[in-house]
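Asker: Supplied in structure tokens, the structure appears directly below.
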Amino acid sequence: MNRSNFVRLGLSLLTSLVLGSISTAQAQSVFRVTAIPDESPSELARKAAPLVAYLESQLGVKVQFVPVTDYAAAVESLVNKRVDLAWFGGFTFVQANVRSGGKIIPLVQREEDTQFKSVFITSDPSISTLNDLKGKDVSFGSQSSTSGHLMPRSALLAANINPDKDFKRVAFSGAHDATIAAVASGKVQAGALNIQVWERFVAEKKVDLSKVKVFYTTAPFFDYNWSVHADMPAAMREKLKQAFLGLSKSTPEGKEILELQRASRFVPTQAENYKDIEGAARSAQLL
């Protein structure tokens with residue numbers, strides 16, 4: 001090879017390396033966010049859009065919302081660092097933390113999540129207590145849902161009711177809004193779900209209260225949070241945390257985001273808050 005060709009080859013290789021480095025840097029500069037699919041895809045996308053724009057302005061990087069098909073996919077995405085930030089329920093946080101060997105860090109939660117509740121609803125006039133569910137078809141949300149399965153199941157077990165033995169059929173709708181639909185349509189006689197989704201459906205008149213009613217509300221528990229992987233640099237974790245804590249209903253942007261997230265404000269949280277959730281999961285043999 002003559003000197004001219006050698007130089008051209010060297011420049012070509014150098015260009016490829018530079019372009020490759022730029023491409024890698026660009027890929028790494030995208031901050032990816034996901035959420036457990038506890039509501040319809042359209043509702044999750046609607047809630048995520050203004051938050052994504054806000055985080056871009058606060059972090060100074062491109063932020064992308066990455067939808068997942070189920071709760072397990074949300075857990076695996078953060079554990080394997082395919083996303084940078086995940087919206088978990090209390091149980092999915094526990095699953096991710098156990099799965100990662102304690103490397104998932106909950107940053108913030110809505111103030112409402114420090115005293116969260118689940119409700120049992122029914123369209124059957126004969127049902128007014130948990131004991132009345134025996135012999136009935138009952139729907140939960142996802143198997144990995146805190147408010148749509150774990151804590152309602154825990155309440156049932158505490159009342160000496162075993163869903164797998166005492167119910168005629170246990171169904172899993174996959175999402176809280178789907179549970180409401182299943183009860184309202186008569187596919188099941190009762191269901192358990194997140195109290196916030198129920199209250200939203202009532203406020204938006206999406207449920208006929210003359211046909212569907214709440215007959216039991218659980219004791220409060222810690223629930224949803226925004227979590228990151230422990231390998232995220234501490235400075236980035238703090239910047240992200242402060243971005244959430246800085247949201248306020250006193251600004252138009254903050255008001256829109258908080259209302260979509262159904263939050264009064266975000267507050268710091270810690271793994272210790274979810275020890276009771278982990279205990280409930282182990283007692284119910286779900287972990």
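Each chain in the structure tokens gets a letter, A, B, ..., in the order shown, and its residues are numbered from 1; ligands are numbered from 1 in order too.
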Residues at most 9 Å from Gln270 in chain A, counting only C-alpha atoms, excluding those fewer than 6 positions away in the same chain, as a list in words?

Answerer: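 Within the cut-off, the hits are Ile105, Pro106, Leu107 and Val108 of chain A.
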
Asker: Report the residues of range 35-88 of chain A whose backbone DSSP state falls under strand (DSSP E), written as a PyMOL selection string.

Answerer: chain A and resi 35+62-65+85-88

Asker: Any idea what's packed within 9 Å of range 142-157 of chain A, counting only C-alpha atoms, ignoring anything in its chain fewer than 5 positions away? Could you give it as an NGL selection string?

Answerer: :A and (36 or 38 or 70-72 or 89-92 or 95 or 116-120 or 130-131 or 162-163 or 172-176 or 179 or 191-195 or 217-219 or 221 or 223-224 or 277 or 280-281 or 283-284 or 286)

Asker: Fewer than 4 positions away in the same chain doesn't count, so skip those; otherwise give me all residues within 12 Å of range 241-252 of chain A, counting only C-alpha atoms, as JSON, numbers by chain.

Answerer: {"A": [50, 51, 52, 53, 54, 55, 56, 57, 58, 59, 60, 85, 105, 106, 107, 108, 109, 110, 111, 225, 226, 227, 228, 234, 235, 236, 237, 256, 257, 258, 259, 260, 261, 262, 263, 264, 265, 266, 267, 268, 269]}

Asker: CA of Glu278 in chain A and CA of Trp87 in chain A are how many Å apart?

Answerer: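 So the two atoms, CA of Glu278 in chain A and CA of Trp87 in chain A, lie 17.5 Å apart.
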
Asker: What lies within 9 Å of Lys136 in chain A using only C-alpha atoms, ignoring chain neighbours under 4 positions off, as a PyMOL selection string?

Answerer: chain A and resi 132+166-170+188-190

Asker: Got a sec to tell me which of range 26-271 of chain A DSSP assigns to alpha helix (DSSP H), as a ChimeraX atom specification?

Answerer: /A:26-28,41-59,71-79,90-99,151-158,163-166,176-185,195-203,234-245,252-260

Asker: Can you write just those residues out, C-alpha atoms, as a compact mmCIF listing (two decimals), in the first residue's frame?

Answerer:
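So again.txt came out as:
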```txt
# COMPACT_ATOMS: atom_id res chain seq x y z
CA GLN A 26 -25.68 10.74 21.81
CA ALA A 27 -27.23 7.41 22.80
CA GLN A 28 -25.96 7.80 26.36
CA PRO A 41 -51.32 3.21 27.38
CA SER A 42 -53.03 6.42 26.27
CA GLU A 43 -53.47 7.60 29.86
CA LEU A 44 -49.84 6.82 30.73
CA ALA A 45 -48.61 8.74 27.67
CA ARG A 46 -50.86 11.71 28.52
CA LYS A 47 -49.50 11.84 32.07
CA ALA A 48 -45.88 11.45 30.95
CA ALA A 49 -45.67 14.14 28.23
CA PRO A 50 -45.38 17.32 30.35
CA LEU A 51 -43.19 15.56 32.93
CA VAL A 52 -40.78 14.49 30.18
CA ALA A 53 -40.55 18.09 28.90
CA TYR A 54 -39.95 19.37 32.43
CA LEU A 55 -37.20 16.83 33.16
CA GLU A 56 -35.47 17.74 29.88
CA SER A 57 -35.33 21.37 30.99
CA GLN A 58 -34.05 20.46 34.46
CA LEU A 59 -31.51 17.79 33.50
CA TYR A 71 -45.06 -4.84 35.39
CA ALA A 72 -42.27 -7.41 35.10
CA ALA A 73 -40.85 -5.55 32.09
CA ALA A 74 -40.70 -2.32 34.11
CA VAL A 75 -38.78 -4.12 36.86
CA GLU A 76 -36.31 -5.74 34.46
CA SER A 77 -35.79 -2.50 32.54
CA LEU A 78 -34.46 -0.64 35.59
CA VAL A 79 -32.63 -3.62 37.11
CA GLY A 90 -44.52 -0.35 46.32
CA PHE A 91 -44.48 -4.03 45.38
CA THR A 92 -42.70 -3.55 42.06
CA PHE A 93 -40.08 -1.47 43.88
CA VAL A 94 -39.59 -4.35 46.33
CA GLN A 95 -39.36 -6.83 43.46
CA ALA A 96 -36.77 -4.68 41.67
CA ASN A 97 -34.77 -4.15 44.84
CA VAL A 98 -34.69 -7.87 45.65
CA ARG A 99 -33.97 -8.78 42.03
CA MET A 151 -52.57 -5.11 49.68
CA PRO A 152 -56.15 -6.19 48.86
CA ARG A 153 -55.01 -9.83 49.10
CA SER A 154 -53.29 -9.00 52.40
CA ALA A 155 -56.56 -7.53 53.72
CA LEU A 156 -58.44 -10.65 52.67
CA LEU A 157 -55.93 -12.97 54.33
CA ALA A 158 -56.14 -10.89 57.52
CA PRO A 163 -58.88 -15.85 47.46
CA ASP A 164 -57.47 -18.98 45.82
CA LYS A 165 -59.73 -21.27 47.86
CA ASP A 166 -62.73 -19.16 48.81
CA HIS A 176 -57.01 -0.56 37.55
CA ASP A 177 -59.28 0.96 34.90
CA ALA A 178 -59.77 -2.50 33.39
CA THR A 179 -60.89 -3.79 36.80
CA ILE A 180 -63.60 -1.11 36.95
CA ALA A 181 -64.74 -2.10 33.46
CA ALA A 182 -64.87 -5.79 34.41
CA VAL A 183 -67.03 -5.08 37.46
CA ALA A 184 -69.29 -2.60 35.68
CA SER A 185 -69.91 -5.01 32.79
CA ILE A 195 -58.29 4.38 45.25
CA GLN A 196 -56.98 7.27 43.11
CA VAL A 197 -58.07 5.66 39.85
CA TRP A 198 -61.50 4.97 41.35
CA GLU A 199 -61.83 8.58 42.50
CA ARG A 200 -60.78 9.84 39.06
CA PHE A 201 -63.43 7.70 37.36
CA VAL A 202 -66.05 9.01 39.80
CA ALA A 203 -64.98 12.64 39.31
CA ALA A 234 -24.89 10.66 43.03
CA ALA A 235 -24.87 14.14 41.46
CA MET A 236 -27.42 13.08 38.85
CA ARG A 237 -29.58 11.40 41.50
CA GLU A 238 -29.62 14.60 43.51
CA LYS A 239 -30.39 16.76 40.47
CA LEU A 240 -33.28 14.47 39.56
CA LYS A 241 -34.59 14.41 43.12
CA GLN A 242 -34.52 18.21 43.36
CA ALA A 243 -36.36 18.47 40.03
CA PHE A 244 -39.29 16.52 41.51
CA LEU A 245 -39.17 18.31 44.86
CA PRO A 252 -48.55 26.70 35.52
CA GLU A 253 -46.02 23.99 34.58
CA GLY A 254 -45.90 22.52 38.08
CA LYS A 255 -49.69 22.63 38.41
CA GLU A 256 -50.19 20.72 35.15
CA ILE A 257 -47.63 18.03 36.01
CA LEU A 258 -48.79 17.53 39.59
CA GLU A 259 -52.45 17.33 38.60
CA LEU A 260 -51.68 14.77 35.90
```

Asker: With a cut-off of 10 Å, could you pull out the residues of range 82-148 of chain A touching range 210-213 of chain A and give me the nearest pair of atoms for each, distance in Å to one decimal, using only C-alpha atoms, ordered by chain and ascending number, as a Markdown table?

Answerer:
```
| residue | atom | partner | partner_atom | distance |
| --- | --- | --- | --- | --- |
| A:Val119 | CA | A:Lys213 | CA | 9.8 |
| A:Phe120 | CA | A:Lys213 | CA | 8.4 |
| A:Ile121 | CA | A:Lys213 | CA | 5.4 |
| A:Thr122 | CA | A:Val212 | CA | 5.5 |
| A:Ser123 | CA | A:Val212 | CA | 4.5 |
| A:Asp124 | CA | A:Val212 | CA | 8.0 |
| A:Pro125 | CA | A:Lys211 | CA | 8.7 |
| A:Ile127 | CA | A:Lys213 | CA | 9.9 |
| A:Ser128 | CA | A:Lys213 | CA | 9.4 |
```

Asker: What does the distance between CA of Tyr216 in chain A and CA of Glu39 in chain A come to in Å, to one decimal place?

Answerer: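 Distance between the two atoms: 21.6 Å.
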